[in-house]
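Everything below concerns the one structure shown next.
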Amino acid sequence: MWTTANRTAPTKIPLMIHEILPVGPLQCNCSIIGDEQSREAIVIDPGDDIEQVVALIQKHDLQVKQIVITHAHIDHVGGAMKLRARTGAPILLNQNDYGLLKMLDMQAAWVGMAPTGKVEIDHSLGSADLVRAGSLVAQVLHTPGHTEGSICLYFPAEKTLVAGDTLFAGSIGRTDLPGGSYQKILQSLHDTVLALPDETLVVPGHGSLTTIGDERESNPFLARR
């Protein structure tokens, strides 16, 4: 099943629950992904509004096994500790973004959000690692550029990519913040993200869903080099 909070679900994928909830003042897309059979789940980028996230978890009677952060910007990681306290699930983040966690108070000031306090990471995630919830398996793709530790999660059986702030509909992640690199994000996009099938559904960190094929054809940042 594929559902989107506050949106109309365009398709149905067997065995997969996927709720997408825009959270916080910057409307980060938080994904709740669950296996319909085992009821095991992964929550990706719980940046804020944890009561709403928990409500969706409870709606589907899910047990959260892992909390995955695509990168350490406050709008993506801000609610992670609250969700860990509610679920007991470990928090996973690529180690190259650990330095950004030390800047969360500064990040809060930049975007006008309340400080979140310290965020503790339980395990690092890197390329070739797998994230699982029941029968659902996601491949971790390290895609530096928006930040040094940015990752995407690719579910090959479901043809779904949770892209964090690496790729958006018609755009790409900004690279003018600490840890950003325009050259690196273009390399990540061309060498890793665009290697995925055109029919892959892309869930960006903010905004509307898209597909790899649509972005390959029309995204002005992804014109052939």
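Ligands are numbered from 1 in the order shown, chains are lettered A, B, ... in the order of the structure tokens, and residues start at 1 in each chain.
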
For A:Leu100: contacts at 9 Å, only C-alpha atoms, fewer than 2 positions along chain excluded, given as a count of residues only:
13

Residues at most 12 Å from stretch 19-26 of chain A, counting only C-alpha atoms, excluding those fewer than 6 positions away in the same chain, as a PDB file with C-alpha atoms, in the first residue's frame?
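What follows is the written file result.pdb:
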ATOM      1  CA  MET A   1       0.000   0.000   0.000  1.00  0.00           C
ATOM      2  CA  TRP A   2       1.253   3.465  -0.815  1.00  0.00           C
ATOM      3  CA  THR A   3      -0.360   6.368   0.976  1.00  0.00           C
ATOM      4  CA  THR A   4       0.601   9.981   1.443  1.00  0.00           C
ATOM      5  CA  ALA A   5      -0.623  12.056   4.348  1.00  0.00           C
ATOM      6  CA  ASN A   6      -2.563  15.045   3.019  1.00  0.00           C
ATOM      7  CA  ARG A   7      -2.190  13.831  -0.582  1.00  0.00           C
ATOM      8  CA  THR A   8      -3.993  11.399  -2.895  1.00  0.00           C
ATOM      9  CA  ALA A   9      -2.204   8.087  -3.345  1.00  0.00           C
ATOM     10  CA  ILE A  32       7.006   6.203   7.576  1.00  0.00           C
ATOM     11  CA  ILE A  33       7.666   2.950   5.728  1.00  0.00           C
ATOM     12  CA  GLY A  34       6.227  -0.314   6.973  1.00  0.00           C
ATOM     13  CA  ASP A  35       5.874  -3.964   5.995  1.00  0.00           C
ATOM     14  CA  ALA A  41       8.812  -0.036  10.088  1.00  0.00           C
ATOM     15  CA  ILE A  42      11.497   2.522   9.301  1.00  0.00           C
ATOM     16  CA  VAL A  43      11.000   6.238   9.915  1.00  0.00           C
ATOM     17  CA  ILE A  44      13.084   8.517   7.715  1.00  0.00           C
ATOM     18  CA  ASP A  45      13.785  12.171   8.608  1.00  0.00           C
ATOM     19  CA  PRO A  46      11.503  12.808  11.616  1.00  0.00           C
ATOM     20  CA  GLY A  47      12.387  16.484  11.737  1.00  0.00           C
ATOM     21  CA  ASP A  48       9.466  17.694  13.871  1.00  0.00           C
ATOM     22  CA  ASP A  49       5.777  17.121  14.715  1.00  0.00           C
ATOM     23  CA  ILE A  50       6.538  13.808  16.390  1.00  0.00           C
ATOM     24  CA  GLU A  51       3.010  13.407  17.777  1.00  0.00           C
ATOM     25  CA  GLN A  52       1.703  13.354  14.203  1.00  0.00           C
ATOM     26  CA  VAL A  53       4.409  10.886  13.204  1.00  0.00           C
ATOM     27  CA  VAL A  54       3.508   8.624  16.129  1.00  0.00           C
ATOM     28  CA  ALA A  55      -0.170   8.856  15.206  1.00  0.00           C
ATOM     29  CA  LEU A  56       0.603   7.469  11.755  1.00  0.00           C
ATOM     30  CA  ILE A  57       2.751   4.716  13.263  1.00  0.00           C
ATOM     31  CA  LYS A  59      -2.676   4.029  12.707  1.00  0.00           C
ATOM     32  CA  HIS A  60      -0.899   1.170  10.915  1.00  0.00           C
ATOM     33  CA  LEU A  62       3.722  -0.511  13.251  1.00  0.00           C
ATOM     34  CA  HIS A  73      20.222  19.463   9.016  1.00  0.00           C
ATOM     35  CA  ILE A  74      17.897  20.408  11.845  1.00  0.00           C
ATOM     36  CA  ASP A  75      14.706  20.194   9.776  1.00  0.00           C
ATOM     37  CA  HIS A  76      15.459  16.495   9.131  1.00  0.00           C
ATOM     38  CA  VAL A  77      16.919  15.405  12.466  1.00  0.00           C
ATOM     39  CA  GLY A  78      15.197  17.721  14.960  1.00  0.00           C
ATOM     40  CA  GLY A  79      12.621  15.225  16.244  1.00  0.00           C
ATOM     41  CA  ALA A 108      18.210  26.544  14.661  1.00  0.00           C
ATOM     42  CA  VAL A 111      16.130  29.011  10.212  1.00  0.00           C
ATOM     43  CA  GLY A 112      14.291  30.444  13.214  1.00  0.00           C
ATOM     44  CA  MET A 113      13.535  27.105  14.871  1.00  0.00           C
ATOM     45  CA  ALA A 114      13.714  26.252  18.548  1.00  0.00           C
ATOM     46  CA  VAL A 162      13.901   8.442  -0.573  1.00  0.00           C
ATOM     47  CA  VAL A 202      11.541   9.822  -5.976  1.00  0.00           C
ATOM     48  CA  VAL A 203      10.471  11.115  -2.555  1.00  0.00           C
ATOM     49  CA  PRO A 204      12.444  14.347  -2.055  1.00  0.00           C
ATOM     50  CA  GLY A 205      13.227  15.899   1.295  1.00  0.00           C
ATOM     51  CA  HIS A 206      10.744  18.692   0.531  1.00  0.00           C
ATOM     52  CA  GLY A 207       7.992  19.236  -1.992  1.00  0.00           C
ATOM     53  CA  SER A 208       6.338  17.097  -4.618  1.00  0.00           C
ATOM     54  CA  LEU A 209       7.147  13.545  -5.651  1.00  0.00           C
TER      55      LEU A 209
END

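Considering only C-alpha atoms, the residue among A:Leu93, A:Cys28, A:Ser218, A:Pro115 positioned nearest to A:Ser127 is A:Leu93.
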
Between atom CA of A:Pro144 and atom CA of A:Ser31, distance in Å (one decimal)
20.6 Å

Please run DSSP on the backbone and report, as a VMD selection string, all residues within stretch 16-177 of chain A that come out as strand (DSSP E).
chain A and resid 16 to 23 28 to 35 40 to 44 63 to 68 91 to 93 123 to 124 130 to 133 136 to 142 151 to 155 160 to 164 167 to 168 171 to 172

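The gap separating atom CA of A:Glu217 from atom CA of A:Gly149 is 27.1 Å, in Å to one decimal.
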
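Taking atom CA of A:Ser188 and atom CA of A:Pro90 as the two end points, the separation is 26.7 Å.
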
Mind listing the helix (DSSP H, G or I) residues of stretch 42-159 of chain A, per DSSP on the backbone, as a PyMOL selection string?
chain A and resi 50-59+74-77+80-87+95-101+104-111

A:Ile151 surroundings by only C-alpha atoms, 6 Å radius, close-in-sequence under 6 positions cut, as an MDAnalysis selection string:
chainID A and resid 70 141:143
